[in-house]
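Take a look at the structure below.
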Amino acid sequence: MTIQEALAKGKRRLKTPCQEALIDTPELDASLLLAEAMQIRREEIILRGEEAIPESGLETFLELLERRRRGECVAYILGRKEFRGLNFIVNPHVLVPRPDTEILLEAALEYCDSMAGHGNKELSVLDLCTGSGALAISLKNERPSLRISASDISPEALKTAALNAERFQKNLQFIKSDLFQNITEKFNIIMSNPPYVLSKEISSLPPEIKKEPSLALDGGVDGLALIREIIPRSPDYLLPQGILLFEASPAQMPAIRLLLEGRLFGSIRFYKDLSGRERVIAAKFES
């Protein structure tokens, strides 16, 4: 069997309906898994398509296909996920980084640049609920002068984040903390992609997402449980004119705005995701 034939076989297998997985990109998934099985770059699959696939590579490929059909996402199978041009280590202890979170990163970059332009020489940022560390590390990668701290309640998530920081040689401070419990300093910016899925909606999520840590998904009855805690406590951890940034569901934005307006926050702005929906909300602490 050639590499090209193996890829076609993989595509057909992933297109076959199954109850345990929602596979909406069978061609992409098959090519990523085949490249992993053969330990080659995905681009090489086309260039080497007429070559015979080694028996060991085919066996591994078939095993990876079945893992995908059992509802394991490609990122967990590969053990990595690209975010902002970097390949991050991921595992079932952390959420898989998603493109929408780049909107949160873009907003943080905008505020960092604005503050730097107004004479703030050493800016500090806290990434609350950091998970894999993708957001904090990407920010550090693009703005090396920033002093960044990243916290999470999960020691396993923090271990993964620290591995990613070491992987990319980025110096960040990691703090095990239940929200602000172990945070001792103040920051120019606090950004967070906290759990915001409604509890009642967890059971209806795609099988792949349900395999991600519920601690990082479940936002309580209305999805705002943690956000409702963070907002009133954040002024104690923000410097004057500091910025608070959240990623959340577009449907939650009006409620989050009301929470912010009731806690000395102003200059509220929204940032739209790739679908044109309000995905990130930013507010200034009007101290």
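Convention: chains lettered A, B, ... in structure tokens order; per-chain residue numbering from 1; ligands numbered from 1 as shown.
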
Exercise. Where in stretch 47-158 of chain A does DSSP assign alpha helix (DSSP H), given as JSON, numbers by chain?
Worked result: {"A": [47, 55, 56, 57, 58, 59, 60, 61, 62, 63, 64, 65, 66, 67, 68, 69, 74, 75, 76, 77, 78, 101, 102, 103, 104, 105, 106, 107, 108, 109, 110, 111, 112, 113, 114, 115, 116, 117, 134, 135, 136, 137, 138, 139, 140, 141, 142, 155, 156, 157, 158]}

Report the closest atom pair, with its distance in Å rounded to one decimal, for each residue of stretch 215-274 of chain A that has an atom no farther than 10 Å from stretch 127-151 of chain A; count only C-alpha atoms, sort by chain and then rising residue number, and write it as a Markdown table.
| residue | atom | partner | partner_atom | distance |
| --- | --- | --- | --- | --- |
| A:Ala216 | CA | A:Gly131 | CA | 7.8 |
| A:Ile230 | CA | A:Leu128 | CA | 9.3 |
| A:Leu245 | CA | A:Asp127 | CA | 9.6 |
| A:Phe246 | CA | A:Leu128 | CA | 9.7 |

For this session: Tell me which of A:Pro92, A:Pro254, A:Pro194, A:Pro97 sits closest to A:Phe270, counting only C-alpha atoms.
Result: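 Of the candidates, the smallest distance to A:Phe270 is held by A:Pro254.
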